[in-house]
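Since the structure comes first, as structure tokens, the remarks are kept for the end.
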Amino acid sequence: MRENQTWVTEFVLLGFQLGPEVQVLLLGLVSVCYALTLLGNGAIVGLIWLDSRLHTPMYFFLSHLAIVDLSYACNTVPQMLSTRKSLSFISCIMQTFLYIALGHTECLLLVLMSYDRYVAICHPLHYSVMMNWRVCTVLTASSWVFAFLLSLVHMVLLLRLPFCGPHEINQFFCEILAVLKLACADTTLNNIVIVVTCVFILMKPCCLVLVSYTRILTAILGIQSGEGRRKAFSTCSSHLCVVGLFFGSAIVMYMAPKSRHPEEQQQILFLFYSFFNPMLNPLIYSLRNAEVKWALRRVLWKQRHS
């Protein structure tokens with residue numbers, strides 16, 4: 001039966017079905033936002049690397065988050081800006097693999113960042129022991145390795161499926177749910193694994209973050225000094241904004257029931273999740289974080305007087 005089928009060798013990304021004028025406007029907006037994403041996240045990584053005062057566990061995790069956001073944007077946006085909307089089968093699978101792996105990594109990094117804030121505020125006297133560099137390095141490396149191994153499981157299950165047509169993906173990049181719709185076989189196992197993964201990588205980490213910040217809030221309210229409360233809130237507010245944006249959009253996309261117009265709404269959600277989130281993260285951290293602002297000023301001052 002399969003011997004007579006024509007196997008798909010490339011996929012065509014349909015993207016947004018818009019008029020020429022709107023398409024040009026959208027591409028212009030995407031180009032500007034892509035440049036801001038690269039500049040913002042690159043600046044975060046550079047500042048943390050150059051300024052020794054930012055060589056702390058909190059900013060160590062933040063630098064890895066910025067690397068994930070840079071990789072996110074570089075994985076999906078160039079194809080969106082390209083005039084060529086077709087991708088080879090292998091390129092599409094690799095894009096899907098990286099998208100899943102980076103998403104899992106970001107989830108785990110956000111949990112580590114919330115744990116870091118919990119230890120810093122609730123157990124300040126034990127912070128240097130509980131969050132020493134060996135612990136931070138092991139936790140971060142484990143997050144990357146576990147995320148990529150889990151993504152590999154998705155890819156093994158995906159590659160066992162036959163793709164014999166159609167070959168048009170109604171998305172602006174090779175997202176796993178959109179790719180699975182084109183499989184010429186039962187995808188029940190794949191969907192079950194996706195749901196189970198969402199529970200353990202989205203819902204469980206989200207609950208851990210909420211528990212951490214509940215305890216952090218309790219500890220902050222117990223601080224007698226108004227200045228101490230303000231400083232504690234400022235160190236956590238940026239992270240809470242990022243957590244809300246990331247987990248909120250991800251849970252809506254993968255866990256919420258489908259609406260009457262799922263494809264159009266999903267395209268907008270995926271655009272926000274995989275494109276605007278990486279752009280907003282460095283803006284949130286730089287605008288709401290005094291230490292990052294001072295680090296930028298110190299680096300610029302050194303450059304001006306060198």
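Naming scheme: A, B, ... for chains in displayed order of the structure tokens; residues 1 onward per chain; ligands 1 onward as shown.
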
Show me, as a PDB file with C-alpha atoms, in the first residue's frame, the residues that have an atom within 12 Å of Ile192 in chain A when counting only C-alpha atoms, minus same-chain residues fewer than 4 positions from it.
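The result, stored in selection09.pdb:
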ATOM      1  CA  HIS A 154       8.658  13.961  20.076  1.00  0.00           C
ATOM      2  CA  LEU A 157       7.387   9.648  17.335  1.00  0.00           C
ATOM      3  CA  LEU A 177       0.563  20.425  15.852  1.00  0.00           C
ATOM      4  CA  ASP A 186      -3.066   7.802  13.258  1.00  0.00           C
ATOM      5  CA  THR A 187      -1.440  10.481  15.452  1.00  0.00           C
ATOM      6  CA  THR A 188      -3.180   9.542  18.712  1.00  0.00           C
ATOM      7  CA  VAL A 196       1.397  14.575  28.982  1.00  0.00           C
ATOM      8  CA  THR A 197       4.374  16.787  28.211  1.00  0.00           C
ATOM      9  CA  CYS A 198       2.249  19.916  28.632  1.00  0.00           C
ATOM     10  CA  VAL A 199       1.146  18.716  32.066  1.00  0.00           C
ATOM     11  CA  TYR A 254      -1.737  23.827  24.078  1.00  0.00           C
TER      12      TYR A 254
END

Name the residues of range 36-285 of chain A that come out as strand (DSSP E) in a backbone DSSP run; write them as a short mmCIF file (atom, residue, chain, number, x, y, z; two decimals) with C-alpha atoms, in the first residue's frame.
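Below is the file selection_0.cif, written as the result:
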data_model
loop_
_atom_site.label_atom_id
_atom_site.label_comp_id
_atom_site.auth_asym_id
_atom_site.auth_seq_id
_atom_site.Cartn_x
_atom_site.Cartn_y
_atom_site.Cartn_z
CA SER A 86 8.94 26.10 1.18
CA LEU A 87 11.12 24.01 3.47
CA SER A 88 12.66 20.62 2.88
CA GLU A 168 0.88 22.76 2.91
CA ILE A 169 1.27 23.85 6.56
#

Can you check which parts of range 151-215 of chain A lie within 9 Å of range 65-76 of chain A? Per residue, the shortest pair of atoms and distance in Å to one decimal, counting only C-alpha atoms, sorted by chain and number, as CSV.
residue,atom,partner,partner_atom,distance
A:Phe172,CA,A:Thr76,CA,8.0
A:Phe173,CA,A:Thr76,CA,6.0
A:Cys174,CA,A:Thr76,CA,8.4

**Asked** In Å, how far is it from CA of Thr105 in chain A to CA of Phe276 in chain A?
**Response**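 Answer for the CA of Thr105 in chain A to CA of Phe276 in chain A separation: 17.5 Å.
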
Could you give me, as a JSON list (two decimals) with N, CA and C atoms, in the first residue's frame, the residues within 12 Å of Leu283 in chain A, counting only C-alpha atoms and dropping anything in the same chain fewer than 4 positions from it?
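The new file around13.json reads:
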[["chain", "number", "residue", "atom", "x", "y", "z"],
["A", 33, "CYS", "N", 10.82, 44.27, 14.77],
["A", 33, "CYS", "CA", 10.76, 43.52, 16.04],
["A", 33, "CYS", "C", 11.87, 42.47, 16.12],
["A", 36, "LEU", "N", 14.98, 44.24, 17.10],
["A", 36, "LEU", "CA", 14.93, 44.58, 18.53],
["A", 36, "LEU", "C", 15.17, 43.34, 19.39],
["A", 37, "THR", "N", 14.66, 42.19, 18.94],
["A", 37, "THR", "CA", 14.87, 40.94, 19.69],
["A", 37, "THR", "C", 16.35, 40.59, 19.75],
["A", 38, "LEU", "N", 17.01, 40.64, 18.59],
["A", 38, "LEU", "CA", 18.44, 40.33, 18.55],
["A", 38, "LEU", "C", 19.25, 41.34, 19.35],
["A", 39, "LEU", "N", 18.90, 42.62, 19.21],
["A", 39, "LEU", "CA", 19.64, 43.67, 19.91],
["A", 39, "LEU", "C", 19.43, 43.57, 21.42],
["A", 40, "GLY", "N", 18.17, 43.41, 21.84],
["A", 40, "GLY", "CA", 17.85, 43.38, 23.27],
["A", 40, "GLY", "C", 18.45, 42.18, 23.97],
["A", 41, "ASN", "N", 18.23, 41.00, 23.44],
["A", 41, "ASN", "CA", 18.77, 39.80, 24.08],
["A", 41, "ASN", "C", 20.28, 39.73, 23.98],
["A", 42, "GLY", "N", 20.82, 40.19, 22.84],
["A", 42, "GLY", "CA", 22.28, 40.25, 22.71],
["A", 42, "GLY", "C", 22.89, 41.20, 23.73],
["A", 43, "ALA", "N", 22.20, 42.33, 23.99],
["A", 43, "ALA", "CA", 22.69, 43.30, 24.97],
["A", 43, "ALA", "C", 22.65, 42.70, 26.38],
["A", 44, "ILE", "N", 21.60, 41.95, 26.69],
["A", 44, "ILE", "CA", 21.51, 41.31, 28.01],
["A", 44, "ILE", "C", 22.67, 40.35, 28.22],
["A", 66, "ALA", "N", 18.07, 34.64, 27.85],
["A", 66, "ALA", "CA", 18.29, 35.49, 26.69],
["A", 66, "ALA", "C", 18.82, 34.68, 25.51],
["A", 238, "SER", "N", 9.89, 41.74, 37.59],
["A", 238, "SER", "CA", 10.26, 41.47, 36.20],
["A", 238, "SER", "C", 10.05, 40.01, 35.85],
["A", 239, "HIS", "N", 10.50, 39.15, 36.76],
["A", 239, "HIS", "CA", 10.36, 37.71, 36.50],
["A", 239, "HIS", "C", 8.89, 37.31, 36.43],
["A", 241, "CYS", "N", 6.40, 39.13, 35.39],
["A", 241, "CYS", "CA", 5.88, 39.57, 34.09],
["A", 241, "CYS", "C", 6.22, 38.57, 33.00],
["A", 242, "VAL", "N", 7.48, 38.13, 32.96],
["A", 242, "VAL", "CA", 7.93, 37.16, 31.96],
["A", 242, "VAL", "C", 7.19, 35.84, 32.11],
["A", 276, "PHE", "N", 6.95, 37.65, 19.84],
["A", 276, "PHE", "CA", 6.88, 38.84, 20.67],
["A", 276, "PHE", "C", 7.40, 38.58, 22.09],
["A", 277, "ASN", "N", 7.20, 37.38, 22.62],
["A", 277, "ASN", "CA", 7.76, 37.06, 23.95],
["A", 277, "ASN", "C", 9.27, 37.26, 23.99],
["A", 278, "PRO", "N", 10.03, 36.69, 23.04],
["A", 278, "PRO", "CA", 11.49, 36.91, 23.07],
["A", 278, "PRO", "C", 11.88, 38.36, 22.93],
["A", 279, "MET", "N", 11.04, 39.17, 22.24],
["A", 279, "MET", "CA", 11.36, 40.59, 22.10],
["A", 279, "MET", "C", 11.06, 41.35, 23.39],
["A", 287, "LEU", "N", 13.85, 47.58, 31.61],
["A", 287, "LEU", "CA", 13.07, 48.72, 32.06],
["A", 287, "LEU", "C", 12.71, 48.64, 33.53],
["A", 288, "ARG", "N", 12.59, 47.43, 34.07],
["A", 288, "ARG", "CA", 12.14, 47.26, 35.45],
["A", 288, "ARG", "C", 13.27, 46.83, 36.39],
["A", 289, "ASN", "N", 14.49, 46.75, 35.88],
["A", 289, "ASN", "CA", 15.59, 46.26, 36.70],
["A", 289, "ASN", "C", 16.68, 47.32, 36.79],
["A", 292, "VAL", "N", 20.39, 46.20, 35.89],
["A", 292, "VAL", "CA", 20.68, 46.12, 34.46],
["A", 292, "VAL", "C", 20.92, 47.51, 33.89],
["A", 293, "LYS", "N", 20.12, 48.49, 34.32],
["A", 293, "LYS", "CA", 20.31, 49.86, 33.85],
["A", 293, "LYS", "C", 21.68, 50.39, 34.25]]

**Prompt:** Looking at only C-alpha atoms, which of A:Asn170, A:Thr218, A:Ser82, A:Thr56 is the one that sits closest to Cys122 in chain A?
**Reply:**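 Counting only C-alpha atoms, the residue closest to Cys122 in chain A is A:Thr218.
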